[in-house]
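*Asks:* What follows is work11.txt, compact mmCIF, C-alpha atoms.
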# COMPACT_ATOMS: atom_id res chain seq x y z
CA MET K 1 5.15 83.35 109.48
CA ASN K 2 6.48 80.16 111.12
CA MET K 3 8.47 78.32 108.51
CA GLN K 4 10.49 75.10 108.59
CA PHE K 5 13.02 74.41 105.89
CA PHE K 6 14.00 70.80 105.12
CA TYR K 7 17.47 70.64 103.63
CA ALA K 8 20.50 68.41 103.02
CA PRO K 9 24.13 69.57 102.82
CA THR K 10 24.98 68.14 99.40
CA SER K 11 21.66 68.96 97.80
CA ILE K 12 20.01 71.63 95.73
CA SER K 13 18.36 72.96 98.90
CA LEU K 14 21.34 75.34 99.07
CA ALA K 15 19.64 77.61 96.52
CA ALA K 16 16.55 78.30 98.62
CA HIS K 17 18.66 78.28 101.79
CA ILE K 18 20.70 81.22 100.49
CA VAL K 19 17.52 83.09 99.60
CA LEU K 20 16.00 82.44 103.04
CA ASP K 21 19.11 83.84 104.70
CA GLU K 22 19.53 86.81 102.40
CA ALA K 23 15.84 87.74 102.67
CA GLY K 24 16.12 87.71 106.45
CA ALA K 25 13.36 85.13 106.75
CA GLN K 26 12.53 83.57 110.10
CA TYR K 27 12.64 79.81 109.74
CA ALA K 28 13.74 76.64 111.50
CA PRO K 29 16.25 74.57 109.50
CA ARG K 30 15.55 70.81 109.55
CA LEU K 31 18.41 68.58 108.40
CA ILE K 32 17.40 65.51 106.38
CA ASP K 33 20.22 62.97 106.34
CA LEU K 34 20.50 61.61 102.80
CA ALA K 35 23.28 59.20 103.86
CA LEU K 36 20.70 57.49 106.11
CA ASN K 37 18.07 57.75 103.35
CA GLU K 38 16.01 59.85 105.75
CA GLN K 39 14.26 61.49 102.80
CA ARG K 40 12.47 58.15 102.25
CA SER K 41 11.63 57.62 105.95
CA GLU K 42 7.99 57.30 106.91
CA ALA K 43 8.25 60.41 109.06
CA TYR K 44 9.54 62.58 106.22
CA LEU K 45 7.27 61.04 103.57
CA SER K 46 4.31 62.03 105.76
CA ILE K 47 5.56 65.63 105.46
CA ASN K 48 6.69 65.47 101.83
CA PRO K 49 5.40 62.49 99.78
CA LYS K 50 7.97 63.24 97.09
CA GLY K 51 10.73 62.12 99.45
CA ARG K 52 13.12 64.84 98.35
CA VAL K 53 14.61 68.07 99.60
CA PRO K 54 14.16 70.99 99.71
CA ALA K 55 10.72 71.46 101.19
CA LEU K 56 9.41 74.57 102.87
CA ALA K 57 6.66 74.21 105.47
CA THR K 58 4.68 77.44 105.65
CA ASP K 59 1.52 78.53 107.46
CA ASP K 60 -0.32 77.86 104.19
CA GLY K 61 1.07 74.37 103.60
CA LEU K 62 4.13 72.59 102.27
CA LEU K 63 5.92 73.89 99.20
CA THR K 64 8.42 71.86 97.16
CA GLU K 65 10.36 72.29 93.88
CA THR K 66 13.17 74.82 93.91
CA PRO K 67 11.78 77.13 91.18
CA ALA K 68 8.51 77.45 93.11
CA ILE K 69 10.16 77.99 96.50
CA LEU K 70 12.49 80.64 95.05
CA ASP K 71 9.65 82.55 93.41
CA TYR K 72 7.51 82.28 96.53
CA LEU K 73 10.26 83.61 98.80
CA ALA K 74 11.08 86.43 96.39
CA GLN K 75 7.43 87.48 96.44
CA ALA K 76 7.09 87.05 100.21
CA TYR K 77 10.14 89.26 100.84
CA PRO K 78 9.86 91.97 98.18
CA GLU K 79 12.28 94.27 100.03
CA ALA K 80 15.06 91.78 99.14
CA ASP K 81 14.40 92.64 95.47
CA LEU K 82 15.12 89.14 94.14
CA LEU K 83 12.94 89.03 91.02
CA PRO K 84 14.02 90.86 87.86
CA ASN K 85 12.72 94.38 87.59
CA GLY K 86 11.84 95.29 84.05
CA GLY K 87 8.41 93.87 83.51
CA ARG K 88 6.70 90.70 82.44
CA PHE K 89 9.28 89.50 79.95
CA ALA K 90 12.22 89.95 82.33
CA ARG K 91 10.33 87.98 84.92
CA ALA K 92 9.58 85.23 82.39
CA ARG K 93 13.30 85.05 81.63
CA ALA K 94 14.02 84.24 85.27
CA LEU K 95 11.42 81.47 85.26
CA GLU K 96 12.93 80.21 81.99
CA PHE K 97 16.40 80.09 83.49
CA ASN K 98 15.21 78.29 86.60
CA ALA K 99 13.18 75.82 84.55
CA TYR K 100 16.30 75.03 82.52
CA LEU K 101 18.26 74.37 85.70
CA CYS K 102 15.63 72.04 87.16
CA SER K 103 14.68 70.14 83.99
CA THR K 104 18.03 69.90 82.20
CA VAL K 105 21.07 70.77 84.31
CA HIS K 106 20.06 69.25 87.63
CA VAL K 107 18.71 66.19 85.77
CA ALA K 108 22.06 65.73 83.99
CA HIS K 109 23.80 65.79 87.36
CA ALA K 110 21.30 63.37 88.94
CA HIS K 111 22.36 60.63 86.53
CA LYS K 112 25.52 60.24 88.59
CA ASN K 113 24.00 59.15 91.90
CA ARG K 114 20.27 58.91 91.26
CA GLY K 115 20.30 56.76 88.13
CA ARG K 116 17.88 54.27 89.68
CA ARG K 117 15.14 56.74 88.93
CA TRP K 118 15.55 55.81 85.25
CA ALA K 119 17.09 52.33 85.01
CA ASP K 120 17.67 49.23 87.12
CA ASP K 121 20.70 47.33 85.95
CA GLU K 122 24.22 48.14 87.02
CA ALA K 123 25.67 48.39 83.52
CA ALA K 124 23.12 51.04 82.59
CA LEU K 125 23.78 52.97 85.81
CA GLU K 126 27.48 52.90 85.03
CA ALA K 127 26.83 54.08 81.46
CA MET K 128 24.83 56.98 82.86
CA ARG K 129 27.62 57.91 85.26
CA ARG K 130 30.16 57.89 82.43
CA HIS K 131 28.03 60.33 80.48
CA VAL K 132 27.62 62.95 83.25
CA PRO K 133 30.77 65.01 82.48
CA ASN K 134 29.61 65.31 78.89
CA SER K 135 25.97 66.20 79.56
CA MET K 136 26.86 68.62 82.37
CA LEU K 137 29.43 70.38 80.19
CA ASN K 138 26.92 70.62 77.33
CA ALA K 139 24.17 71.94 79.56
CA CYS K 140 26.45 74.47 81.24
CA SER K 141 28.03 75.59 77.96
CA LEU K 142 24.68 77.05 76.93
CA ILE K 143 24.55 78.97 80.21
CA GLU K 144 28.13 80.15 79.66
CA ALA K 145 27.46 81.28 76.08
CA ASP K 146 23.89 82.55 76.13
CA MET K 147 22.25 82.84 79.51
CA LEU K 148 24.66 84.23 82.10
CA LYS K 149 24.72 87.93 81.26
CA GLY K 150 27.14 89.00 83.99
CA PRO K 151 28.01 89.92 86.58
CA TRP K 152 24.79 88.12 87.63
CA VAL K 153 22.65 85.75 85.63
CA MET K 154 20.13 88.41 84.66
CA GLY K 155 22.74 91.15 84.26
CA GLU K 156 23.31 93.95 86.76
CA GLN K 157 20.58 92.77 89.10
CA TYR K 158 21.16 89.91 91.51
CA THR K 159 18.09 87.62 91.49
CA VAL K 160 16.99 84.18 92.69
CA CYS K 161 18.61 82.74 89.55
CA ASP K 162 22.06 83.36 91.06
CA PRO K 163 21.88 81.15 94.15
CA TYR K 164 20.23 78.47 92.00
CA LEU K 165 23.08 78.52 89.49
CA PHE K 166 25.61 78.49 92.33
CA ALA K 167 23.96 75.51 94.04
CA ILE K 168 24.48 73.56 90.82
CA SER K 169 27.79 74.94 89.59
CA ARG K 170 29.49 73.88 92.84
CA TRP K 171 28.98 70.28 91.61
CA LEU K 172 30.92 70.73 88.37
CA GLU K 173 34.31 69.36 89.49
CA SER K 174 32.83 66.28 91.14
CA ASP K 175 30.74 65.77 88.00
CA GLY K 176 33.98 65.57 86.02
CA VAL K 177 33.75 68.93 84.26
CA ASP K 178 36.86 71.07 83.80
CA ILE K 179 35.72 74.42 85.20
CA ASN K 180 38.33 76.19 83.05
CA GLN K 181 36.09 75.46 80.10
CA LEU K 182 33.42 77.58 81.78
CA PRO K 183 35.27 80.73 82.88
CA ARG K 184 32.17 82.92 83.23
CA ILE K 185 30.44 80.37 85.44
CA ALA K 186 33.66 80.00 87.45
CA ALA K 187 33.77 83.78 87.98
CA HIS K 188 30.10 83.79 88.97
CA ARG K 189 30.83 81.11 91.55
CA LEU K 190 33.62 83.16 93.11
CA ARG K 191 31.33 86.19 93.17
CA MET K 192 28.69 84.16 94.96
CA ARG K 193 31.15 82.88 97.57
CA GLN K 194 31.92 86.44 98.57
CA ARG K 195 28.35 87.03 99.71
CA PRO K 196 28.14 86.75 103.51
CA ALA K 197 25.15 84.38 103.55
CA VAL K 198 26.85 82.08 101.04
CA ALA K 199 30.16 82.09 102.91
CA ARG K 200 28.29 81.26 106.12
CA LEU K 201 26.29 78.40 104.62
CA MET K 202 29.35 76.97 102.85
CA SER K 203 31.37 76.80 106.06
CA GLY K 204 29.62 74.05 107.94
CA THR K 205 26.04 73.68 106.75
CA TYR K 206 26.76 72.79 103.11
CA VAL K 207 29.57 71.04 101.28
CA MET M 1 2.29 91.75 69.70
CA ASN M 2 3.66 89.72 66.76
CA MET M 3 4.43 86.25 68.06
CA GLN M 4 5.69 83.10 66.39
CA PHE M 5 5.23 79.76 68.09
CA PHE M 6 7.58 76.89 67.25
CA TYR M 7 5.91 73.54 67.87
CA ALA M 8 5.94 69.84 67.00
CA PRO M 9 2.90 67.54 66.91
CA THR M 10 4.17 64.87 69.31
CA SER M 11 5.84 67.26 71.72
CA ILE M 12 5.14 69.11 74.93
CA SER M 13 4.50 72.26 72.85
CA LEU M 14 0.83 71.21 73.01
CA ALA M 15 0.57 72.73 76.51
CA ALA M 16 1.48 76.27 75.45
CA HIS M 17 -0.38 75.80 72.16
CA ILE M 18 -3.64 75.23 74.04
CA VAL M 19 -3.02 78.32 76.15
CA LEU M 20 -2.26 80.45 73.09
CA ASP M 21 -5.53 79.35 71.51
CA GLU M 22 -7.65 79.68 74.63
CA ALA M 23 -6.22 83.10 75.44
CA GLY M 24 -7.09 84.29 71.95
CA ALA M 25 -3.48 85.26 71.25
CA GLN M 26 -2.43 86.38 67.78
CA TYR M 27 0.50 84.23 66.68
CA ALA M 28 1.96 82.44 63.69
CA PRO M 29 2.46 78.70 64.25
CA ARG M 30 5.79 77.36 62.94
CA LEU M 31 6.04 73.58 62.59
CA ILE M 32 9.42 72.06 63.47
CA ASP M 33 9.71 68.55 62.02
CA LEU M 34 11.29 66.32 64.66
CA ALA M 35 11.28 63.34 62.26
CA LEU M 36 13.72 65.31 60.08
CA ASN M 37 15.64 66.46 63.18
CA GLU M 38 14.77 70.02 62.19
CA GLN M 39 15.11 71.10 65.82
CA ARG M 40 18.89 70.61 65.41
CA SER M 41 19.08 72.37 62.03
CA GLU M 42 21.32 75.41 61.74
CA ALA M 43 18.33 77.57 60.91
CA TYR M 44 16.43 76.60 64.03
CA LEU M 45 19.48 76.60 66.31
CA SER M 46 20.08 80.21 65.27
CA ILE M 47 16.60 80.96 66.64
CA ASN M 48 16.74 78.63 69.66
CA PRO M 49 20.21 77.37 70.64
CA LYS M 50 18.60 74.74 72.88
CA GLY M 51 17.37 72.91 69.79
CA ARG M 52 14.04 72.03 71.32
CA VAL M 53 10.40 72.96 71.12
CA PRO M 54 8.38 74.84 72.19
CA ALA M 55 9.80 78.30 71.70
CA LEU M 56 7.84 81.52 71.58
CA ALA M 57 9.27 84.44 69.63
CA THR M 58 7.90 87.71 71.04
CA ASP M 59 8.60 91.37 70.43
CA ASP M 60 10.84 91.23 73.52
CA GLY M 61 12.84 88.18 72.45
CA LEU M 62 12.66 84.40 72.42
CA LEU M 63 11.16 82.51 75.33
CA THR M 64 11.63 78.78 75.95
CA GLU M 65 10.75 76.25 78.69
CA THR M 66 7.10 75.37 79.07
CA PRO M 67 6.67 76.60 82.68
CA ALA M 68 8.01 80.03 81.69
CA ILE M 69 5.94 80.28 78.50
CA LEU M 70 2.78 79.27 80.36
CA ASP M 71 3.30 81.83 83.10
CA TYR M 72 4.19 84.53 80.58
CA LEU M 73 1.06 83.91 78.49
CA ALA M 74 -1.15 83.81 81.57
CA GLN M 75 0.22 87.20 82.62
CA ALA M 76 0.04 88.64 79.11
CA TYR M 77 -3.64 87.62 78.76
CA PRO M 78 -5.06 88.22 82.24
CA GLU M 79 -8.65 88.19 80.97
CA ALA M 80 -8.20 84.44 80.30
CA ASP M 81 -7.77 84.01 84.09
CA LEU M 82 -5.24 81.19 83.84
CA LEU M 83 -3.25 81.67 87.06
CA PRO M 84 -4.71 80.57 90.39
CA ASN M 85 -6.60 83.25 92.20
CA GLY M 86 -6.10 83.06 95.94
CA GLY M 87 -2.84 84.82 96.57
CA ARG M 88 0.84 84.15 96.67
CA PHE M 89 0.72 80.61 97.98
CA ALA M 90 -1.86 79.43 95.43
CA ARG M 91 0.31 80.88 92.71
CA ALA M 92 3.39 79.13 94.11
CA ARG M 93 1.45 75.85 94.03
CA ALA M 94 0.94 76.25 90.27
CA LEU M 95 4.66 76.86 89.75
CA GLU M 96 5.37 73.83 91.95
CA PHE M 97 3.09 71.63 89.87
CA ASN M 98 4.60 72.81 86.60
CA ALA M 99 8.14 72.37 87.94
CA TYR M 100 7.27 68.78 88.88
CA LEU M 101 5.99 68.12 85.38
CA CYS M 102 9.10 69.53 83.70
CA SER M 103 11.76 68.13 86.03
CA THR M 104 10.28 64.73 86.92
CA VAL M 105 7.37 63.59 84.74
CA HIS M 106 8.54 64.86 81.35
CA VAL M 107 12.07 63.67 82.16
CA ALA M 108 10.76 60.16 82.96
CA HIS M 109 9.02 60.10 79.59
CA ALA M 110 12.08 61.40 77.73
CA HIS M 111 14.04 58.28 78.69
CA LYS M 112 12.07 56.40 76.06
CA ASN M 113 13.17 58.28 72.93
CA ARG M 114 15.73 60.80 74.16
CA GLY M 115 17.98 58.52 76.19
CA ARG M 116 21.06 59.73 74.31
CA ARG M 117 20.94 62.84 76.46
CA TRP M 118 22.12 60.66 79.36
CA ALA M 119 23.95 57.62 77.99
CA ASP M 120 25.61 56.38 74.81
CA ASP M 121 25.49 52.62 74.56
CA GLU M 122 22.54 50.69 73.21
CA ALA M 123 22.14 48.39 76.20
CA ALA M 124 21.80 51.38 78.52
CA LEU M 125 19.30 53.04 76.20
CA GLU M 126 17.29 49.82 76.16
CA ALA M 127 17.44 49.59 79.98
CA MET M 128 16.11 53.15 80.17
CA ARG M 129 13.25 52.35 77.80
CA ARG M 130 12.29 49.31 79.87
CA HIS M 131 12.04 51.48 82.98
CA VAL M 132 9.73 54.14 81.51
CA PRO M 133 6.39 52.45 82.37
CA ASN M 134 7.54 52.16 85.96
CA SER M 135 8.91 55.70 86.39
CA MET M 136 5.94 57.27 84.57
CA LEU M 137 3.47 55.36 86.71
CA ASN M 138 5.33 56.35 89.88
CA ALA M 139 5.52 60.01 88.89
CA CYS M 140 1.86 60.15 87.88
CA SER M 141 0.68 58.25 90.95
CA LEU M 142 1.75 61.20 93.09
CA ILE M 143 -0.29 63.50 90.86
CA GLU M 144 -3.25 61.12 91.11
CA ALA M 145 -3.04 60.87 94.91
CA ASP M 146 -1.89 64.30 96.03
CA MET M 147 -1.79 66.99 93.38
CA LEU M 148 -4.81 66.78 91.09
CA LYS M 149 -7.56 68.29 93.23
CA GLY M 150 -10.35 67.96 90.65
CA PRO M 151 -12.09 68.75 88.50
CA TRP M 152 -9.00 70.73 87.52
CA VAL M 153 -5.46 70.44 88.84
CA MET M 154 -5.83 73.38 91.21
CA GLY M 155 -9.46 72.58 92.08
CA GLU M 156 -12.45 74.49 90.76
CA GLN M 157 -10.35 76.91 88.73
CA TYR M 158 -8.93 75.90 85.35
CA THR M 159 -5.32 77.12 85.10
CA VAL M 160 -2.22 76.68 82.94
CA CYS M 161 -1.47 73.53 84.94
CA ASP M 162 -4.29 71.71 83.14
CA PRO M 163 -3.07 71.90 79.54
CA TYR M 164 0.42 71.02 80.81
CA LEU M 165 -0.85 67.88 82.55
CA PHE M 166 -2.90 66.98 79.47
CA ALA M 167 0.08 67.38 77.13
CA ILE M 168 1.93 64.79 79.23
CA SER M 169 -0.91 62.45 80.23
CA ARG M 170 -1.73 61.81 76.56
CA TRP M 171 1.61 59.93 76.41
CA LEU M 172 0.72 57.43 79.14
CA GLU M 173 -0.47 54.52 76.97
CA SER M 174 2.49 54.72 74.59
CA ASP M 175 4.75 54.92 77.65
CA GLY M 176 3.36 51.57 78.76
CA VAL M 177 1.22 52.79 81.64
CA ASP M 178 -2.22 51.29 82.26
CA ILE M 179 -4.42 54.39 82.46
CA ASN M 180 -6.94 52.45 84.57
CA GLN M 181 -4.46 52.72 87.41
CA LEU M 182 -4.83 56.50 87.20
CA PRO M 183 -8.59 57.07 87.02
CA ARG M 184 -8.52 60.69 88.12
CA ILE M 185 -5.91 61.59 85.50
CA ALA M 186 -7.95 59.64 82.91
CA ALA M 187 -11.06 61.67 83.82
CA HIS M 188 -9.05 64.91 83.63
CA ARG M 189 -7.90 63.94 80.16
CA LEU M 190 -11.47 63.40 78.96
CA ARG M 191 -12.48 66.73 80.49
CA MET M 192 -9.64 68.43 78.61
CA ARG M 193 -10.63 66.84 75.28
CA GLN M 194 -14.06 68.44 75.57
CA ARG M 195 -12.60 71.93 75.46
CA PRO M 196 -12.98 73.37 71.93
CA ALA M 197 -9.36 74.51 71.61
CA VAL M 198 -8.10 71.11 72.68
CA ALA M 199 -10.46 69.24 70.34
CA ARG M 200 -9.32 71.48 67.49
CA LEU M 201 -5.60 71.00 68.17
CA MET M 202 -5.97 67.24 68.65
CA SER M 203 -7.68 66.79 65.30
CA GLY M 204 -4.85 67.46 62.90
CA THR M 205 -2.19 69.61 64.52
CA TYR M 206 -1.22 67.23 67.36
CA VAL M 207 -1.22 63.48 67.84
Would you mind writing the structure in this file as structure tokens?

*Replies:*
Amino acid sequence: MNMQFFYAPTSISLAAHIVLDEAGAQYAPRLIDLALNEQRSEAYLSINPKGRVPALATDDGLLTETPAILDYLAQAYPEADLLPNGGRFARARALEFNAYLCSTVHVAHAHKNRGRRWADDEAALEAMRRHVPNSMLNACSLIEADMLKGPWVMGEQYTVCDPYLFAISRWLESDGVDINQLPRIAAHRLRMRQRPAVARLMSGTYV
Amino acid sequence: MNMQFFYAPTSISLAAHIVLDEAGAQYAPRLIDLALNEQRSEAYLSINPKGRVPALATDDGLLTETPAILDYLAQAYPEADLLPNGGRFARARALEFNAYLCSTVHVAHAHKNRGRRWADDEAALEAMRRHVPNSMLNACSLIEADMLKGPWVMGEQYTVCDPYLFAISRWLESDGVDINQLPRIAAHRLRMRQRPAVARLMSGTYV
């Protein structure tokens, strides 16, 4: 399969990028420069009308949305063993976790720099930014208490949930959250950084 | 399987509720009264620490997040044929669509009545509310133009994506969107209302 992966160094594309690398997928990385607003360029919008990253161009068409890309890659590279073993309910738990990240945690974070999706005036954007440490801590406290089983999100088995959590938890300090309040997430982050693909991507490609 | 389904009449729980009914699942419906803030009651938080609906209590444990519940039910009731046939990529497309609904469209809507998730002061909440017609129209315009193949979301096959779209598109008027700007979504909505399970749920259980 000839794949192209559209990514940006500060973005959530890191999650799928880790999975691509760890699965040994053949793909061409395509940098989209968010500082130049390249995600809204005509050229990129003709590829991905959503104007966001990540996007994965496959032989079958373009795929967007991190939970979908992660599941697709896990199924396309079954030898990497990245979906929970243990049947239908275990698999639903992984989808549940990833849906929580995309609909609640990532959205809380996005109110720092992407507030114009939801309001126009400067005072409201500033009010949103002020609230980010609080909403990120709340959202991540549920992960800390209930969801992250340890050592990996789903327990003993490393799954696609882990790079997704890592891609978000690396934002916590810049979102104003004291990581010491989330010791299990902090430990998970260190564990992730020891993986060769993660170390490689975090030294140059991602920040 | 003994299931309990926690729902609220104005909420997104309608999507999974339709699937439960159409799949012929045995379950006990449990109304959570959002007007009384019952979703944040100690009793409900002990069941679902997220304090939201829907939630599906199964023999294997509690499951939350609409995309996960929909996929789980579709897999648990394969005879209902609610996941796209046509292989791995078609299936990924359904996850992609559902992820877009949960992370972008539902989130745009939530800025009307749930703004306190993302800001505290009244002026900011009011600025968010003002923006909802705009962000909902933008989010749904992409569905109208690119995603909704017709007659159903994925094309000829009815899938879990359809009740999920319906559960959101019924909010469009009260979100300030002129449905005439979205004729294909309007037609999809009418098509959905003709399904017996949907007609049943919309006459009494849901609004």

*Asks:* Give me the residues within 12 Å of stretch 177-185 of chain M as number ranges by chain, counting all atoms listed in the file and dropping any in the same chain fewer than 4 places off.

*Replies:* M: 109, 130-153, 162, 165-173, 189-192

*Asks:* Name the residues in contact with stretch 72-86 of chain M at a cut-off of 12 Å, using all atoms listed in the file, excluding same-chain residues fewer than 6 positions from it; report them as a VMD selection string.

*Replies:* (chain K and resid 60 87 to 96) or (chain M and resid 1 3 5 15 to 27 56 58 60 62 to 66 92 to 95 97 to 98 152 to 163)

*Asks:* Would you output that residue set with C-alpha atoms, as a JSON list (two decimals), in the coordinates of the input?

*Replies:*
[["chain", "number", "residue", "atom", "x", "y", "z"],
["K", 60, "ASP", "CA", -0.32, 77.86, 104.19],
["K", 87, "GLY", "CA", 8.41, 93.87, 83.51],
["K", 88, "ARG", "CA", 6.70, 90.70, 82.44],
["K", 89, "PHE", "CA", 9.28, 89.50, 79.95],
["K", 90, "ALA", "CA", 12.22, 89.95, 82.33],
["K", 91, "ARG", "CA", 10.33, 87.98, 84.92],
["K", 92, "ALA", "CA", 9.58, 85.23, 82.39],
["K", 93, "ARG", "CA", 13.30, 85.05, 81.63],
["K", 94, "ALA", "CA", 14.02, 84.24, 85.27],
["K", 95, "LEU", "CA", 11.42, 81.47, 85.26],
["K", 96, "GLU", "CA", 12.93, 80.21, 81.99],
["M", 1, "MET", "CA", 2.29, 91.75, 69.70],
["M", 3, "MET", "CA", 4.43, 86.25, 68.06],
["M", 5, "PHE", "CA", 5.23, 79.76, 68.09],
["M", 15, "ALA", "CA", 0.57, 72.73, 76.51],
["M", 16, "ALA", "CA", 1.48, 76.27, 75.45],
["M", 17, "HIS", "CA", -0.38, 75.80, 72.16],
["M", 18, "ILE", "CA", -3.64, 75.23, 74.04],
["M", 19, "VAL", "CA", -3.02, 78.32, 76.15],
["M", 20, "LEU", "CA", -2.26, 80.45, 73.09],
["M", 21, "ASP", "CA", -5.53, 79.35, 71.51],
["M", 22, "GLU", "CA", -7.65, 79.68, 74.63],
["M", 23, "ALA", "CA", -6.22, 83.10, 75.44],
["M", 24, "GLY", "CA", -7.09, 84.29, 71.95],
["M", 25, "ALA", "CA", -3.48, 85.26, 71.25],
["M", 26, "GLN", "CA", -2.43, 86.38, 67.78],
["M", 27, "TYR", "CA", 0.50, 84.23, 66.68],
["M", 56, "LEU", "CA", 7.84, 81.52, 71.58],
["M", 58, "THR", "CA", 7.90, 87.71, 71.04],
["M", 60, "ASP", "CA", 10.84, 91.23, 73.52],
["M", 62, "LEU", "CA", 12.66, 84.40, 72.42],
["M", 63, "LEU", "CA", 11.16, 82.51, 75.33],
["M", 64, "THR", "CA", 11.63, 78.78, 75.95],
["M", 65, "GLU", "CA", 10.75, 76.25, 78.69],
["M", 66, "THR", "CA", 7.10, 75.37, 79.07],
["M", 92, "ALA", "CA", 3.39, 79.13, 94.11],
["M", 93, "ARG", "CA", 1.45, 75.85, 94.03],
["M", 94, "ALA", "CA", 0.94, 76.25, 90.27],
["M", 95, "LEU", "CA", 4.66, 76.86, 89.75],
["M", 97, "PHE", "CA", 3.09, 71.63, 89.87],
["M", 98, "ASN", "CA", 4.60, 72.81, 86.60],
["M", 152, "TRP", "CA", -9.00, 70.73, 87.52],
["M", 153, "VAL", "CA", -5.46, 70.44, 88.84],
["M", 154, "MET", "CA", -5.83, 73.38, 91.21],
["M", 155, "GLY", "CA", -9.46, 72.58, 92.08],
["M", 156, "GLU", "CA", -12.45, 74.49, 90.76],
["M", 157, "GLN", "CA", -10.35, 76.91, 88.73],
["M", 158, "TYR", "CA", -8.93, 75.90, 85.35],
["M", 159, "THR", "CA", -5.32, 77.12, 85.10],
["M", 160, "VAL", "CA", -2.22, 76.68, 82.94],
["M", 161, "CYS", "CA", -1.47, 73.53, 84.94],
["M", 162, "ASP", "CA", -4.29, 71.71, 83.14],
["M", 163, "PRO", "CA", -3.07, 71.90, 79.54]]

*Asks:* For the atom pair atom CA of K:Ala124 and atom CA of K:Asn37, what is the interatomic distance in Å to one decimal place?

*Replies:*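 According to the coordinates, atom CA of K:Ala124 and atom CA of K:Asn37 are separated by 22.4 Å.
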
*Asks:* List every protein, DNA or RNA residue with an atom no more than 8 Å from (12.0, 69.1, 67.3) in the file's coordinates, counting all atoms listed in the file, and format the result as number ranges by chain.

*Replies:* M: 7-8, 11, 32-35, 37-40, 51-53

*Asks:* Determine the nearest neighbour of chain K from the options M:Pro49, M:Glu42, M:Gln4, M:Pro9, counting all atoms listed in the file.

*Replies:*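 Checking each of M:Pro49, M:Glu42, M:Gln4, M:Pro9 against chain K, counting all atoms listed in the file, the winner is M:Pro49.
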
*Asks:* Report, in Å to a single decimal, how far apart atom CA of M:Glu126 and atom CA of M:Lys112 are.

*Replies:*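 Computing it gives 8.4 Å between the two atoms.
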
*Asks:* Figure out the distance between atom CA of M:Arg129 and atom CA of M:His106, please, to one decimal in Å.

*Replies:*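 Going from atom CA of M:His106 over to atom CA of M:Arg129 covers 13.8 Å.
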
*Asks:* Would you list the residues near (15.3, 69.1, 88.4), meaning any protein, DNA or RNA residue with an atom at most 8 Å from that point in file coordinates, counting all atoms listed in the file, as a CSV table (one decimal) with C-alpha atoms, keeping the file's coordinate frame?

*Replies:*
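This went into result.csv:
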chain,number,residue,atom,x,y,z
K,101,LEU,CA,18.3,74.4,85.7
K,102,CYS,CA,15.6,72.0,87.2
K,103,SER,CA,14.7,70.1,84.0
K,104,THR,CA,18.0,69.9,82.2
K,105,VAL,CA,21.1,70.8,84.3
K,106,HIS,CA,20.1,69.2,87.6
K,107,VAL,CA,18.7,66.2,85.8
M,99,ALA,CA,8.1,72.4,87.9
M,102,CYS,CA,9.1,69.5,83.7
M,103,SER,CA,11.8,68.1,86.0
M,104,THR,CA,10.3,64.7,86.9

*Asks:* Give the answer as one residue: which of M:Ala119, M:Ile12, M:Leu31, M:Leu36 has the shortest atom-to-atom distance to chain K, using only C-alpha atoms?

*Replies:* M:Ala119

*Asks:* Which is closer to chain M than all the others in K:Asn48, K:Ser203, K:Asn2, K:Thr10, using only C-alpha atoms?

*Replies:* K:Asn48

*Asks:* With distances taken over only C-alpha atoms, which of K:Gly176, K:Gly204, K:Gly61, K:Pro196 is nearest to chain M?

*Replies:*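 Residue with the minimum atom-to-atom distance to chain M: K:Gly61.
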
*Asks:* Please determine, counting all atoms listed in the file, which residue among M:Trp118, M:Leu70, M:Arg30, M:Asp59 has the shortest atom-to-atom distance to chain K.

*Replies:*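 Ranked by minimum distance to chain K, first place goes to M:Trp118.
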
*Asks:* Emit a file covering stretch 142-149 of chain M of the preceding structure with N, CA and C atoms, as an mmCIF file, in the first residue's frame.

*Replies:*
data_model
loop_
_atom_site.group_PDB
_atom_site.id
_atom_site.type_symbol
_atom_site.label_atom_id
_atom_site.label_comp_id
_atom_site.auth_asym_id
_atom_site.auth_seq_id
_atom_site.Cartn_x
_atom_site.Cartn_y
_atom_site.Cartn_z
ATOM 1 N N LEU M 142 -20.087 20.410 5.826
ATOM 2 C CA LEU M 142 -19.138 19.384 5.370
ATOM 3 C C LEU M 142 -19.828 18.030 5.231
ATOM 4 N N ILE M 143 -20.729 17.733 6.161
ATOM 5 C CA ILE M 143 -21.495 16.483 6.058
ATOM 6 C C ILE M 143 -22.350 16.526 4.794
ATOM 7 N N GLU M 144 -23.048 17.648 4.616
ATOM 8 C CA GLU M 144 -23.924 17.838 3.459
ATOM 9 C C GLU M 144 -23.150 17.668 2.141
ATOM 10 N N ALA M 145 -21.960 18.249 2.078
ATOM 11 C CA ALA M 145 -21.217 18.272 0.809
ATOM 12 C C ALA M 145 -20.415 16.999 0.571
ATOM 13 N N ASP M 146 -19.823 16.449 1.625
ATOM 14 C CA ASP M 146 -18.811 15.412 1.411
ATOM 15 C C ASP M 146 -19.130 14.060 2.026
ATOM 16 N N MET M 147 -19.859 14.043 3.122
ATOM 17 C CA MET M 147 -19.906 12.798 3.895
ATOM 18 C C MET M 147 -21.168 11.978 3.690
ATOM 19 N N LEU M 148 -22.294 12.653 3.613
ATOM 20 C CA LEU M 148 -23.594 11.970 3.502
ATOM 21 C C LEU M 148 -23.795 11.530 2.052
ATOM 22 N N LYS M 149 -23.576 10.245 1.802
ATOM 23 C CA LYS M 149 -23.607 9.766 0.414
ATOM 24 C C LYS M 149 -25.033 9.653 -0.107
#
